[in-house]
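Right, one structure below, let's go through it.
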Amino acid sequence: MNQYRRGTALVLCGLFFLLAGCTGSEPVGQDTNAEIRYANAFGNYRSLVYIPASVSSDTPAPLVVLLHGANTTAEQQRAASLFDPVAAREGFIMMYPDNETSGAIGPHLVQAWHFYDPVEMVRGVGDAQAIAELTRKAMATWNVDPERVYIVGMSAGGWETSIMGATYPDLYAAIGIAEGGAYGIGLLGVGQPLGPDLTPPAVLALAAHAAMGSYARVVPLIDFQGEQDPAATPASGANAIRQWLMTNNLVVSGNGASPFPLSPAQTTDVTPADGGYPYHVDTYLDGDGCRILEQVRIEQMQHFWPGGSSDPKLRKFTDPKAPSGAEMSWAFLKRFRKSDTAPPCTESRS
């Protein structure tokens, strides 16, 4: 008898979900994959969006935007980064913007974001506008917590992320850069160490602060730097760290040197037991001992997304011997809410 009742219950449940599907409702307990689009004079843009089953439509979810590097598509960056499994476990939405290779103004050569174009280093123009509008469209389409929207970028996407942090600090609570560099340095950021000498971080910090305008606020950053990277060299990562610390200081005090110290409060050295690359985490703290910035310096890694997929088809994009950029990014980003990054404690107070 009990077996019969269980069978009947399963049939009724199946009918219920079938009818729900007929009315256009989302099936319960399923991942959702979608694509959204945007166009402006600089090109046509699209974005893959992944909403894991762990995200409830009744509860606002965080959103992480991941920008691909040059010669890379959104699909490749998504597969290489392994951010989706982290999103599924932790209950946040992932978005992977992409650019088309042609536009009325400025084609996207080698599929790279226009991080090098001074015209597009301001709010409301070009790639920055498109990425922001795609982010807003995702926020309007799904139940996104506006206090917990983050952006991370790899290589060209990393430099573009610096632009997004400076031009849309009202949209992104915190940012992440992997093998990229500072705001406004353009092509001088490729093939460091000449960049910091030609365009000092203090100058870039002033430019980033000016780009923030009336939206200026403290923007926390996590930076991943391969110590053998020939393109975004360690000097590029150091340049980004100093620029963002000084920019955040300008936001708080008008003085680039304080209140946030320009040197790390602590450095943690890690030698993985599984034979992965050793790495070092420099942690920068505010006056209350709350994180403001982290840099992960990875021995032996060249110009790759750290960690990620070991699929041989993706070996051009990721180095699985490095620590997971997805895991470490989320561990850092989730500490911050947009309204809470002001001193005395930059981390979330709720």
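Please note that chains go A, B, ... in the order of the structure tokens, that every chain numbers its residues from 1, and that ligands are numbered from 1 in the order shown.
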
Let's see if you can do this: from backbone DSSP, list all strand (DSSP E) residues in region 267-328 of chain A, as a PDB file with N, CA and C atoms, in the first residue's frame.
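Generated file (selection_28.pdb):
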ATOM      1  N   THR A 267      52.016  38.737   4.514  1.00  0.00           N
ATOM      2  CA  THR A 267      52.210  37.894   3.334  1.00  0.00           C
ATOM      3  C   THR A 267      52.153  36.438   3.769  1.00  0.00           C
ATOM      4  N   THR A 268      51.309  35.672   3.100  1.00  0.00           N
ATOM      5  CA  THR A 268      51.167  34.245   3.384  1.00  0.00           C
ATOM      6  C   THR A 268      51.799  33.457   2.250  1.00  0.00           C
ATOM      7  N   ASP A 269      52.742  32.591   2.589  1.00  0.00           N
ATOM      8  CA  ASP A 269      53.429  31.761   1.600  1.00  0.00           C
ATOM      9  C   ASP A 269      52.801  30.368   1.597  1.00  0.00           C
ATOM     10  N   VAL A 270      52.452  29.880   0.410  1.00  0.00           N
ATOM     11  CA  VAL A 270      51.768  28.592   0.297  1.00  0.00           C
ATOM     12  C   VAL A 270      52.533  27.683  -0.662  1.00  0.00           C
ATOM     13  N   TYR A 279      52.763  29.797  -4.141  1.00  0.00           N
ATOM     14  CA  TYR A 279      52.268  31.157  -4.359  1.00  0.00           C
ATOM     15  C   TYR A 279      52.291  31.932  -3.055  1.00  0.00           C
ATOM     16  N   HIS A 280      52.134  33.245  -3.182  1.00  0.00           N
ATOM     17  CA  HIS A 280      52.253  34.150  -2.050  1.00  0.00           C
ATOM     18  C   HIS A 280      51.067  35.123  -2.089  1.00  0.00           C
ATOM     19  N   VAL A 281      50.392  35.283  -0.969  1.00  0.00           N
ATOM     20  CA  VAL A 281      49.239  36.167  -0.888  1.00  0.00           C
ATOM     21  C   VAL A 281      49.603  37.371  -0.029  1.00  0.00           C
ATOM     22  N   ASP A 282      49.671  38.546  -0.674  1.00  0.00           N
ATOM     23  CA  ASP A 282      49.891  39.802   0.041  1.00  0.00           C
ATOM     24  C   ASP A 282      48.533  40.395   0.394  1.00  0.00           C
ATOM     25  N   THR A 283      48.301  40.639   1.669  1.00  0.00           N
ATOM     26  CA  THR A 283      47.023  41.156   2.145  1.00  0.00           C
ATOM     27  C   THR A 283      47.200  42.579   2.662  1.00  0.00           C
ATOM     28  N   TYR A 284      46.393  43.476   2.128  1.00  0.00           N
ATOM     29  CA  TYR A 284      46.415  44.885   2.524  1.00  0.00           C
ATOM     30  C   TYR A 284      45.174  45.157   3.368  1.00  0.00           C
ATOM     31  N   LEU A 285      45.378  45.749   4.539  1.00  0.00           N
ATOM     32  CA  LEU A 285      44.297  45.953   5.494  1.00  0.00           C
ATOM     33  C   LEU A 285      44.085  47.431   5.774  1.00  0.00           C
ATOM     34  N   ARG A 291      40.061  43.709   5.130  1.00  0.00           N
ATOM     35  CA  ARG A 291      40.720  43.661   3.826  1.00  0.00           C
ATOM     36  C   ARG A 291      40.286  44.830   2.945  1.00  0.00           C
ATOM     37  N   ILE A 292      41.262  45.345   2.213  1.00  0.00           N
ATOM     38  CA  ILE A 292      40.988  46.329   1.180  1.00  0.00           C
ATOM     39  C   ILE A 292      41.486  45.819  -0.167  1.00  0.00           C
ATOM     40  N   LEU A 293      42.531  44.955  -0.121  1.00  0.00           N
ATOM     41  CA  LEU A 293      43.147  44.506  -1.369  1.00  0.00           C
ATOM     42  C   LEU A 293      43.982  43.251  -1.093  1.00  0.00           C
ATOM     43  N   GLU A 294      44.028  42.362  -2.082  1.00  0.00           N
ATOM     44  CA  GLU A 294      44.898  41.183  -2.035  1.00  0.00           C
ATOM     45  C   GLU A 294      45.610  41.026  -3.363  1.00  0.00           C
ATOM     46  N   GLN A 295      46.853  40.596  -3.303  1.00  0.00           N
ATOM     47  CA  GLN A 295      47.542  40.175  -4.510  1.00  0.00           C
ATOM     48  C   GLN A 295      48.046  38.750  -4.322  1.00  0.00           C
ATOM     49  N   VAL A 296      47.768  37.904  -5.332  1.00  0.00           N
ATOM     50  CA  VAL A 296      48.223  36.513  -5.321  1.00  0.00           C
ATOM     51  C   VAL A 296      49.333  36.402  -6.357  1.00  0.00           C
ATOM     52  N   ARG A 297      50.570  36.228  -5.891  1.00  0.00           N
ATOM     53  CA  ARG A 297      51.741  36.126  -6.766  1.00  0.00           C
ATOM     54  C   ARG A 297      52.093  34.644  -6.928  1.00  0.00           C
ATOM     55  N   ILE A 298      52.017  34.161  -8.162  1.00  0.00           N
ATOM     56  CA  ILE A 298      52.105  32.722  -8.407  1.00  0.00           C
ATOM     57  C   ILE A 298      53.425  32.382  -9.104  1.00  0.00           C
ATOM     58  N   TRP A 305      44.920  32.114 -17.106  1.00  0.00           N
ATOM     59  CA  TRP A 305      43.983  32.163 -15.992  1.00  0.00           C
ATOM     60  C   TRP A 305      44.470  31.169 -14.938  1.00  0.00           C
ATOM     61  N   PRO A 306      44.554  31.579 -13.673  1.00  0.00           N
ATOM     62  CA  PRO A 306      45.095  30.673 -12.651  1.00  0.00           C
ATOM     63  C   PRO A 306      44.143  29.542 -12.302  1.00  0.00           C
ATOM     64  N   THR A 318      44.444  28.421 -19.620  1.00  0.00           N
ATOM     65  CA  THR A 318      44.450  28.199 -18.184  1.00  0.00           C
ATOM     66  C   THR A 318      45.643  27.339 -17.765  1.00  0.00           C
ATOM     67  N   ASP A 319      46.085  27.534 -16.530  1.00  0.00           N
ATOM     68  CA  ASP A 319      47.175  26.722 -15.987  1.00  0.00           C
ATOM     69  C   ASP A 319      46.673  26.041 -14.721  1.00  0.00           C
TER      70      ASP A 319
END

For region 91-95 of chain A, work out the shell of residues within 6 Å, counting only C-alpha atoms and skipping chain neighbours fewer than 5 positions away, then give it as a PyMOL selection string. chain A and resi 48-51+54-55+61-65

Name the residues in contact with Ser310 (chain A) at a cut-off of 12 Å, using only C-alpha atoms, excluding same-chain residues fewer than 4 positions from it; report them as a PDB file with N, CA and C atoms, in the first residue's frame.
ATOM      1  N   ALA A  79      34.551  28.044 -19.850  1.00  0.00           N
ATOM      2  CA  ALA A  79      34.995  26.666 -19.665  1.00  0.00           C
ATOM      3  C   ALA A  79      36.339  26.603 -18.941  1.00  0.00           C
ATOM      4  N   ALA A  80      37.219  27.534 -19.251  1.00  0.00           N
ATOM      5  CA  ALA A  80      38.562  27.503 -18.668  1.00  0.00           C
ATOM      6  C   ALA A  80      38.565  27.877 -17.198  1.00  0.00           C
ATOM      7  N   SER A  81      37.745  28.842 -16.807  1.00  0.00           N
ATOM      8  CA  SER A  81      37.825  29.403 -15.460  1.00  0.00           C
ATOM      9  C   SER A  81      37.274  28.485 -14.372  1.00  0.00           C
ATOM     10  N   LEU A  82      36.311  27.637 -14.717  1.00  0.00           N
ATOM     11  CA  LEU A  82      35.607  26.791 -13.742  1.00  0.00           C
ATOM     12  C   LEU A  82      34.910  27.627 -12.668  1.00  0.00           C
ATOM     13  N   TRP A 305      44.920  32.114 -17.106  1.00  0.00           N
ATOM     14  CA  TRP A 305      43.983  32.163 -15.992  1.00  0.00           C
ATOM     15  C   TRP A 305      44.470  31.169 -14.938  1.00  0.00           C
ATOM     16  N   PRO A 306      44.554  31.579 -13.673  1.00  0.00           N
ATOM     17  CA  PRO A 306      45.095  30.673 -12.651  1.00  0.00           C
ATOM     18  C   PRO A 306      44.143  29.542 -12.302  1.00  0.00           C
ATOM     19  N   LEU A 314      41.802  23.377 -23.645  1.00  0.00           N
ATOM     20  CA  LEU A 314      41.816  24.724 -23.067  1.00  0.00           C
ATOM     21  C   LEU A 314      43.199  25.114 -22.553  1.00  0.00           C
ATOM     22  N   ARG A 315      44.229  24.384 -22.959  1.00  0.00           N
ATOM     23  CA  ARG A 315      45.561  24.611 -22.399  1.00  0.00           C
ATOM     24  C   ARG A 315      46.129  25.982 -22.767  1.00  0.00           C
ATOM     25  N   LYS A 316      45.582  26.633 -23.805  1.00  0.00           N
ATOM     26  CA  LYS A 316      46.043  27.979 -24.161  1.00  0.00           C
ATOM     27  C   LYS A 316      45.534  29.036 -23.196  1.00  0.00           C
ATOM     28  N   PHE A 317      44.525  28.701 -22.399  1.00  0.00           N
ATOM     29  CA  PHE A 317      43.844  29.710 -21.608  1.00  0.00           C
ATOM     30  C   PHE A 317      44.056  29.588 -20.100  1.00  0.00           C
ATOM     31  N   THR A 318      44.444  28.421 -19.620  1.00  0.00           N
ATOM     32  CA  THR A 318      44.450  28.199 -18.184  1.00  0.00           C
ATOM     33  C   THR A 318      45.643  27.339 -17.765  1.00  0.00           C
ATOM     34  N   ASP A 319      46.085  27.534 -16.530  1.00  0.00           N
ATOM     35  CA  ASP A 319      47.175  26.722 -15.987  1.00  0.00           C
ATOM     36  C   ASP A 319      46.673  26.041 -14.721  1.00  0.00           C
ATOM     37  N   PRO A 320      46.296  24.765 -14.810  1.00  0.00           N
ATOM     38  CA  PRO A 320      45.723  24.057 -13.661  1.00  0.00           C
ATOM     39  C   PRO A 320      46.680  23.846 -12.495  1.00  0.00           C
ATOM     40  N   LYS A 321      47.979  24.097 -12.694  1.00  0.00           N
ATOM     41  CA  LYS A 321      48.916  23.942 -11.586  1.00  0.00           C
ATOM     42  C   LYS A 321      48.917  25.157 -10.655  1.00  0.00           C
ATOM     43  N   ALA A 322      48.278  26.219 -11.088  1.00  0.00           N
ATOM     44  CA  ALA A 322      48.150  27.410 -10.247  1.00  0.00           C
ATOM     45  C   ALA A 322      46.936  27.254  -9.328  1.00  0.00           C
ATOM     46  N   SER A 324      43.271  28.055  -7.745  1.00  0.00           N
ATOM     47  CA  SER A 324      42.040  28.368  -8.466  1.00  0.00           C
ATOM     48  C   SER A 324      41.691  29.847  -8.377  1.00  0.00           C
TER      49      SER A 324
END

Residues of region 202-285 of chain A within 8 Å of region 325-344 of chain A: nearest atom pair and distance (Å, one decimal) for each, counting only C-alpha atoms, sorted by chain and number, as CSV?
residue,atom,partner,partner_atom,distance
A:Arg217,CA,A:Ala342,CA,7.3
A:Val218,CA,A:Thr341,CA,5.7
A:Val219,CA,A:Thr341,CA,7.1
A:Pro220,CA,A:Thr341,CA,7.6
A:Ile222,CA,A:Ser329,CA,6.8
A:Phe224,CA,A:Gly325,CA,7.6
A:Val252,CA,A:Ala342,CA,7.8

Saved selection, atoms kept: N, CA and C atoms, as a PDB file, in the first residue's frame:
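Writing done, so here's part24.pdb:
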ATOM      1  N   ARG A 217      33.936  55.962  -4.798  1.00  0.00           N
ATOM      2  CA  ARG A 217      33.870  55.174  -3.572  1.00  0.00           C
ATOM      3  C   ARG A 217      35.058  54.224  -3.559  1.00  0.00           C
ATOM      4  N   VAL A 218      35.336  53.661  -2.393  1.00  0.00           N
ATOM      5  CA  VAL A 218      36.430  52.701  -2.257  1.00  0.00           C
ATOM      6  C   VAL A 218      36.064  51.420  -3.017  1.00  0.00           C
ATOM      7  N   VAL A 219      36.973  50.965  -3.883  1.00  0.00           N
ATOM      8  CA  VAL A 219      36.759  49.754  -4.684  1.00  0.00           C
ATOM      9  C   VAL A 219      37.810  48.709  -4.301  1.00  0.00           C
ATOM     10  N   PRO A 220      37.436  47.678  -3.553  1.00  0.00           N
ATOM     11  CA  PRO A 220      38.384  46.612  -3.206  1.00  0.00           C
ATOM     12  C   PRO A 220      38.814  45.819  -4.442  1.00  0.00           C
ATOM     13  N   ILE A 222      41.160  42.228  -5.870  1.00  0.00           N
ATOM     14  CA  ILE A 222      42.052  41.079  -5.792  1.00  0.00           C
ATOM     15  C   ILE A 222      42.774  40.974  -7.133  1.00  0.00           C
ATOM     16  N   PHE A 224      45.681  38.743  -9.476  1.00  0.00           N
ATOM     17  CA  PHE A 224      46.450  37.510  -9.683  1.00  0.00           C
ATOM     18  C   PHE A 224      47.605  37.819 -10.637  1.00  0.00           C
ATOM     19  N   VAL A 252      39.002  58.577  -0.045  1.00  0.00           N
ATOM     20  CA  VAL A 252      38.752  58.742   1.384  1.00  0.00           C
ATOM     21  C   VAL A 252      39.290  60.066   1.917  1.00  0.00           C
TER      22      VAL A 252
END

Could you pull out the alpha helix (DSSP H) residues of region 96-279 of chain A, going by DSSP on the backbone, and write them as a PDB file with C-alpha atoms, in the first residue's frame?
ATOM      1  CA  GLY A 126      32.282  52.018 -25.952  1.00  0.00           C
ATOM      2  CA  ASP A 127      33.073  48.698 -24.297  1.00  0.00           C
ATOM      3  CA  ALA A 128      32.693  50.070 -20.781  1.00  0.00           C
ATOM      4  CA  GLN A 129      29.175  51.256 -21.517  1.00  0.00           C
ATOM      5  CA  ALA A 130      28.266  47.954 -23.173  1.00  0.00           C
ATOM      6  CA  ILE A 131      29.546  45.847 -20.265  1.00  0.00           C
ATOM      7  CA  ALA A 132      27.706  48.064 -17.791  1.00  0.00           C
ATOM      8  CA  GLU A 133      24.467  47.848 -19.786  1.00  0.00           C
ATOM      9  CA  LEU A 134      24.729  44.066 -20.077  1.00  0.00           C
ATOM     10  CA  THR A 135      25.239  43.945 -16.315  1.00  0.00           C
ATOM     11  CA  ARG A 136      22.170  46.111 -15.738  1.00  0.00           C
ATOM     12  CA  LYS A 137      20.125  43.977 -18.114  1.00  0.00           C
ATOM     13  CA  ALA A 138      21.062  40.841 -16.159  1.00  0.00           C
ATOM     14  CA  MET A 139      20.159  42.617 -12.927  1.00  0.00           C
ATOM     15  CA  ALA A 140      16.766  43.593 -14.338  1.00  0.00           C
ATOM     16  CA  THR A 141      16.059  40.126 -15.761  1.00  0.00           C
ATOM     17  CA  ALA A 156      42.803  42.378 -21.797  1.00  0.00           C
ATOM     18  CA  GLY A 157      39.728  41.740 -19.670  1.00  0.00           C
ATOM     19  CA  GLY A 158      41.826  42.542 -16.599  1.00  0.00           C
ATOM     20  CA  TRP A 159      42.837  45.947 -17.913  1.00  0.00           C
ATOM     21  CA  GLU A 160      39.217  46.485 -18.937  1.00  0.00           C
ATOM     22  CA  THR A 161      38.157  45.569 -15.398  1.00  0.00           C
ATOM     23  CA  SER A 162      40.320  48.419 -14.076  1.00  0.00           C
ATOM     24  CA  ILE A 163      38.408  50.710 -16.431  1.00  0.00           C
ATOM     25  CA  MET A 164      35.091  49.336 -15.153  1.00  0.00           C
ATOM     26  CA  GLY A 165      36.119  49.855 -11.533  1.00  0.00           C
ATOM     27  CA  ALA A 166      36.980  53.483 -12.236  1.00  0.00           C
ATOM     28  CA  THR A 167      34.049  54.357 -14.503  1.00  0.00           C
ATOM     29  CA  LEU A 194      58.495  50.510 -18.863  1.00  0.00           C
ATOM     30  CA  GLY A 195      54.877  51.407 -18.082  1.00  0.00           C
ATOM     31  CA  PRO A 196      55.325  52.521 -14.455  1.00  0.00           C
ATOM     32  CA  ASP A 197      58.287  54.707 -15.460  1.00  0.00           C
ATOM     33  CA  LEU A 198      56.431  56.353 -18.328  1.00  0.00           C
ATOM     34  CA  PRO A 201      50.904  54.927 -10.547  1.00  0.00           C
ATOM     35  CA  ALA A 202      50.286  58.267  -8.791  1.00  0.00           C
ATOM     36  CA  VAL A 203      49.280  59.807 -12.134  1.00  0.00           C
ATOM     37  CA  LEU A 204      47.041  56.849 -12.988  1.00  0.00           C
ATOM     38  CA  ALA A 205      45.475  57.029  -9.519  1.00  0.00           C
ATOM     39  CA  LEU A 206      44.505  60.655 -10.116  1.00  0.00           C
ATOM     40  CA  ALA A 207      43.062  59.713 -13.508  1.00  0.00           C
ATOM     41  CA  ALA A 208      41.034  56.826 -12.058  1.00  0.00           C
ATOM     42  CA  HIS A 209      39.722  59.044  -9.272  1.00  0.00           C
ATOM     43  CA  ALA A 210      38.712  61.665 -11.831  1.00  0.00           C
ATOM     44  CA  ALA A 211      36.950  58.993 -13.912  1.00  0.00           C
ATOM     45  CA  MET A 212      34.861  58.028 -10.866  1.00  0.00           C
ATOM     46  CA  PRO A 234      55.051  41.366 -12.246  1.00  0.00           C
ATOM     47  CA  ALA A 235      55.672  45.094 -12.705  1.00  0.00           C
ATOM     48  CA  SER A 236      52.219  45.362 -14.263  1.00  0.00           C
ATOM     49  CA  GLY A 237      50.589  43.731 -11.271  1.00  0.00           C
ATOM     50  CA  ALA A 238      52.556  45.903  -8.841  1.00  0.00           C
ATOM     51  CA  ASN A 239      51.474  48.950 -10.836  1.00  0.00           C
ATOM     52  CA  ALA A 240      47.806  47.957 -10.507  1.00  0.00           C
ATOM     53  CA  ILE A 241      48.134  47.393  -6.764  1.00  0.00           C
ATOM     54  CA  ARG A 242      49.693  50.793  -6.171  1.00  0.00           C
ATOM     55  CA  GLN A 243      47.267  52.621  -8.472  1.00  0.00           C
ATOM     56  CA  TRP A 244      44.186  51.151  -6.775  1.00  0.00           C
ATOM     57  CA  LEU A 245      45.503  51.720  -3.256  1.00  0.00           C
ATOM     58  CA  MET A 246      46.266  55.341  -4.124  1.00  0.00           C
ATOM     59  CA  THR A 247      42.923  55.812  -5.883  1.00  0.00           C
ATOM     60  CA  ASN A 248      41.079  54.498  -2.841  1.00  0.00           C
ATOM     61  CA  ASN A 249      43.116  56.807  -0.627  1.00  0.00           C
ATOM     62  CA  LEU A 250      42.147  59.746  -2.823  1.00  0.00           C
ATOM     63  CA  VAL A 251      38.490  58.777  -2.403  1.00  0.00           C
ATOM     64  CA  VAL A 252      38.752  58.742   1.384  1.00  0.00           C
ATOM     65  CA  SER A 253      41.180  61.550   2.156  1.00  0.00           C
TER      66      SER A 253
END

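Between CA of Ser309 (chain A) and CA of Glu75 (chain A) there is a distance of 12.9 Å.
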
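What separates CA of His108 (chain A) from CA of Gly43 (chain A) is a distance of 8.1 Å.
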
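Proximity of A:Pro272, A:Gly184, A:Pro97, A:Pro52 to Asp84 (chain A), computed with only C-alpha atoms, is greatest for A:Pro52.
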
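Our summary of the geometry notes that CA of Gln111 (chain A) is positioned 13.1 Å from CA of Phe42 (chain A).
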